[in-house]
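S.K.: This is the structure, below, for whatever I ask next.
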Amino acid sequence: MSTRKSMKLPVVITFLFICIIVYLFMNIKQTVVVCEKVTTYDADIKLTETVVSNMDGKKITSLSVTKKITVPEKYSRQQEALNGIKNSMDYTTAYLGNKASCIISGNSVVVDIDISNNELVLLDNVSFYDNDGEIGIHIDTNTKSSEVITLQVGDAYTDGELMMYLKNHGYSCK
């Protein structure tokens with residue numbers, strides 16, 4: 001009988017130990033990887049891509065991508081160019097529905113993409129060229145192309161692997 005009474009203390013200690021471990025696992029912070037790439041094209045058009053990736057262990061849990069396309073003030077047909085770029089970006093990101101937005105802000109077009117389910121996002125897939133005073137835009141939507149970077153929520157990367165992958169494609173990461 002005295003043996004049963006002495007078992008209460010180890011059971012209580014074990015239970016407390018398990019509770020502490022569960023609490024610690026529940027409060028592990030997610031790693032956030034922030035990478036940015038700035039590219040300047042013909043006619044001084046500047047594209048800034050910022051990628052914010054939330055990582056949980058060895059996979060991507062959510063992605064936030066901001067693409068800011070700036071047309072210089074000196075460009076004579078700036079408003080036409082901004083509207084054309086906005087329409088092209090709206091068409092390209094239509095598959096994301098309300099998870100992507102595209103607005104004109106001053107002399108820039110800003111595309112915001114926030115995904116958290118198994119959606120796919122393409123990076124480094126926009127280029128610009130000057131066609132005798134008119135801005136031409138080329139958007140590569142081929143997910144199998146070696147010219148673009150594809151990231152998907154759920155992809156298996158550690159934070160270091162993702163940073164190296166993006167750094168190898170010209171991004172600077174924090």
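We name chains A, B, ... following the order of the structure tokens; residues begin at 1 in each chain, and ligands are numbered from 1 as shown.
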Need the shell around Glu147 of chain A: protein/DNA/RNA residues with any atom at most 9 Å away, counting only C-alpha atoms. Skip same-chain ones fewer than 5 positions apart. Format as a list in words?
M.R.: Asp124, Asn125, Asp140 and Asn142 of chain A
S.K.: Selection from above, C-alpha atoms, as a PDB file, in the first residue's frame, can you write it?
M.R.:
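The new file again-v3.pdb reads:
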```pdb
ATOM      1  CA  ASP A 124      11.894  37.547 -61.327  1.00  0.00           C
ATOM      2  CA  ASN A 125       9.471  36.986 -64.200  1.00  0.00           C
ATOM      3  CA  ASP A 140       7.100  35.063 -68.260  1.00  0.00           C
ATOM      4  CA  ASN A 142       5.892  29.557 -67.652  1.00  0.00           C
TER       5      ASN A 142
END
```
S.K.: Skipping near chain neighbours, those fewer than 5 positions away, what residues fall within 10 Å of Ser76 of chain A using only C-alpha atoms, listed as a list in words?
M.R.: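 Counting only the stated atoms, we get Ala81, Gly133 and Glu134 of chain A.
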S.K.: Can those selected residues be exported to a file as a PDB file, in the first residue's frame so that it contains C-alpha atoms?
M.R.:
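Printed below is again_39.pdb as written:
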```pdb
ATOM      1  CA  ALA A  81       2.640  53.228 -69.355  1.00  0.00           C
ATOM      2  CA  GLY A 133       9.658  55.646 -76.798  1.00  0.00           C
ATOM      3  CA  GLU A 134       7.008  53.153 -75.711  1.00  0.00           C
TER       4      GLU A 134
END
```
S.K.: Quick one: residues within 10 Å of segment 155-169 of chain A, only C-alpha atoms counted, chain neighbours fewer than 2 positions away excluded, as an MDAnalysis selection string?
M.R.: chainID A and resid 31:37 51 53:61 118 120 123:124 147:153 171:174
S.K.: Would you mind listing what lies within 9 Å of Thr66 of chain A as a list in words, with only C-alpha atoms counted and same-chain residues fewer than 3 positions away left out?
M.R.: Thr48, Glu49, Thr50, Val51, Val52, Val110, Val111, Asp112, Ile113 and Asp114 of chain A
S.K.: Those same residues - C-alpha atoms - I'd like them written as a PDB file, in the first residue's frame.
M.R.:
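Result file is part_12.pdb:
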```pdb
ATOM      1  CA  THR A  48      11.885  46.200 -56.804  1.00  0.00           C
ATOM      2  CA  GLU A  49      10.791  42.737 -55.661  1.00  0.00           C
ATOM      3  CA  THR A  50      10.503  42.053 -51.944  1.00  0.00           C
ATOM      4  CA  VAL A  51       9.791  38.522 -50.712  1.00  0.00           C
ATOM      5  CA  VAL A  52       8.795  37.863 -47.104  1.00  0.00           C
ATOM      6  CA  VAL A 110       2.603  48.230 -56.731  1.00  0.00           C
ATOM      7  CA  VAL A 111       1.607  44.565 -56.810  1.00  0.00           C
ATOM      8  CA  ASP A 112       1.010  42.885 -53.423  1.00  0.00           C
ATOM      9  CA  ILE A 113       0.629  39.116 -53.215  1.00  0.00           C
ATOM     10  CA  ASP A 114      -0.152  37.345 -49.918  1.00  0.00           C
TER      11      ASP A 114
END
```
S.K.: Can you tell me which residues surround Ser101 of chain A at a distance of at most 12 Å, considering only C-alpha atoms, apart from same-chain residues fewer than 5 positions away, and format the answer as a list of chain:residue names?
M.R.: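 Once the nearby chain positions are removed, what remains is A:Ser64, A:Val65, A:Thr66, A:Lys67, A:Lys68, A:Lys86, A:Asn87, A:Met89, A:Asp90, A:Tyr91, A:Thr92, A:Thr93, A:Ala94, A:Tyr95, A:Leu96, A:Val109, A:Val110, A:Val111, A:Asp112, A:Ile113, A:Asp114, A:Ile115.
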S.K.: Can you check which residues of chain A DSSP gives as strand (DSSP E or B) on the backbone and send them as number ranges by chain?
M.R.: A: 31-40, 46-56, 59-70, 100-105, 108-115, 120-123, 126-131, 134-139, 149-152, 172-173
S.K.: Could the residues in this selection be saved with C-alpha atoms as a compact mmCIF listing (two decimals), in the first residue's frame?
M.R.:
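Written out: out.txt:
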```
# COMPACT_ATOMS: atom_id res chain seq x y z
CA THR A 31 11.43 32.11 -38.90
CA VAL A 32 10.93 35.03 -41.26
CA VAL A 33 13.17 35.37 -44.32
CA VAL A 34 13.15 38.73 -46.14
CA CYS A 35 14.80 39.04 -49.54
CA GLU A 36 14.89 41.91 -52.02
CA LYS A 37 16.03 42.42 -55.59
CA VAL A 38 16.26 45.74 -57.43
CA THR A 39 16.60 45.73 -61.23
CA THR A 40 16.83 48.72 -63.55
CA LYS A 46 13.02 50.20 -61.84
CA LEU A 47 11.58 46.95 -60.51
CA THR A 48 11.88 46.20 -56.80
CA GLU A 49 10.79 42.74 -55.66
CA THR A 50 10.50 42.05 -51.94
CA VAL A 51 9.79 38.52 -50.71
CA VAL A 52 8.79 37.86 -47.10
CA SER A 53 8.64 34.16 -46.32
CA ASN A 54 7.39 32.66 -43.06
CA MET A 55 9.06 29.35 -42.33
CA ASP A 56 8.01 26.68 -39.88
CA LYS A 59 8.79 24.34 -45.04
CA ILE A 60 7.30 27.61 -46.20
CA THR A 61 4.04 28.44 -44.41
CA SER A 62 3.21 31.75 -46.11
CA LEU A 63 4.63 34.13 -48.69
CA SER A 64 4.20 37.85 -49.13
CA VAL A 65 5.57 39.32 -52.36
CA THR A 66 5.64 43.01 -53.26
CA LYS A 67 6.60 44.08 -56.76
CA LYS A 68 7.07 47.83 -57.20
CA ILE A 69 7.54 49.05 -60.76
CA THR A 70 8.66 52.68 -60.98
CA ALA A 100 -3.22 39.72 -55.12
CA SER A 101 -3.80 43.44 -55.55
CA CYS A 102 -2.39 45.92 -58.03
CA ILE A 103 -2.56 49.69 -57.56
CA ILE A 104 -1.05 52.78 -59.16
CA SER A 105 0.67 54.99 -56.61
CA SER A 108 4.70 53.43 -59.57
CA VAL A 109 2.63 50.30 -59.93
CA VAL A 110 2.60 48.23 -56.73
CA VAL A 111 1.61 44.57 -56.81
CA ASP A 112 1.01 42.88 -53.42
CA ILE A 113 0.63 39.12 -53.21
CA ASP A 114 -0.15 37.34 -49.92
CA ILE A 115 -0.56 33.57 -50.03
CA LEU A 120 2.35 29.22 -56.44
CA VAL A 121 4.09 32.56 -56.97
CA LEU A 122 6.58 33.49 -59.68
CA LEU A 123 9.54 35.75 -58.96
CA VAL A 126 8.90 40.59 -65.36
CA SER A 127 11.14 42.52 -67.75
CA PHE A 128 10.80 45.84 -69.56
CA TYR A 129 12.19 47.24 -72.79
CA ASP A 130 12.06 50.56 -74.60
CA ASN A 131 10.36 50.22 -77.99
CA GLU A 134 7.01 53.15 -75.71
CA ILE A 135 7.52 50.90 -72.74
CA GLY A 136 7.19 47.21 -73.54
CA ILE A 137 6.58 44.64 -70.83
CA HIS A 138 7.35 40.94 -70.97
CA ILE A 139 5.92 38.67 -68.26
CA ILE A 149 11.85 31.51 -59.77
CA THR A 150 8.87 29.51 -58.54
CA LEU A 151 7.99 29.36 -54.87
CA GLN A 152 5.03 27.59 -53.36
CA SER A 172 19.85 40.17 -51.06
CA CYS A 173 18.48 38.51 -47.92
```
S.K.: For the atom pair atom CA of Gly106 of chain A and atom CA of Gln78 of chain A, what is the interatomic distance in Å to one decimal place?
M.R.: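 Atom-to-atom, atom CA of Gly106 of chain A and atom CA of Gln78 of chain A are spaced 10.2 Å apart.
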S.K.: In Å, rounded to a single decimal, give me how far atom CA of Ile20 of chain A is from atom CA of Lys8 of chain A.
M.R.: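 Value for the atom CA of Lys8 of chain A-atom CA of Ile20 of chain A distance: 18.5 Å.
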S.K.: One number please: atom CA of Asn98 of chain A to atom CA of Ser116 of chain A, in Å, one decimal.
M.R.: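 Between atom CA of Asn98 of chain A and atom CA of Ser116 of chain A the gap is 12.4 Å.
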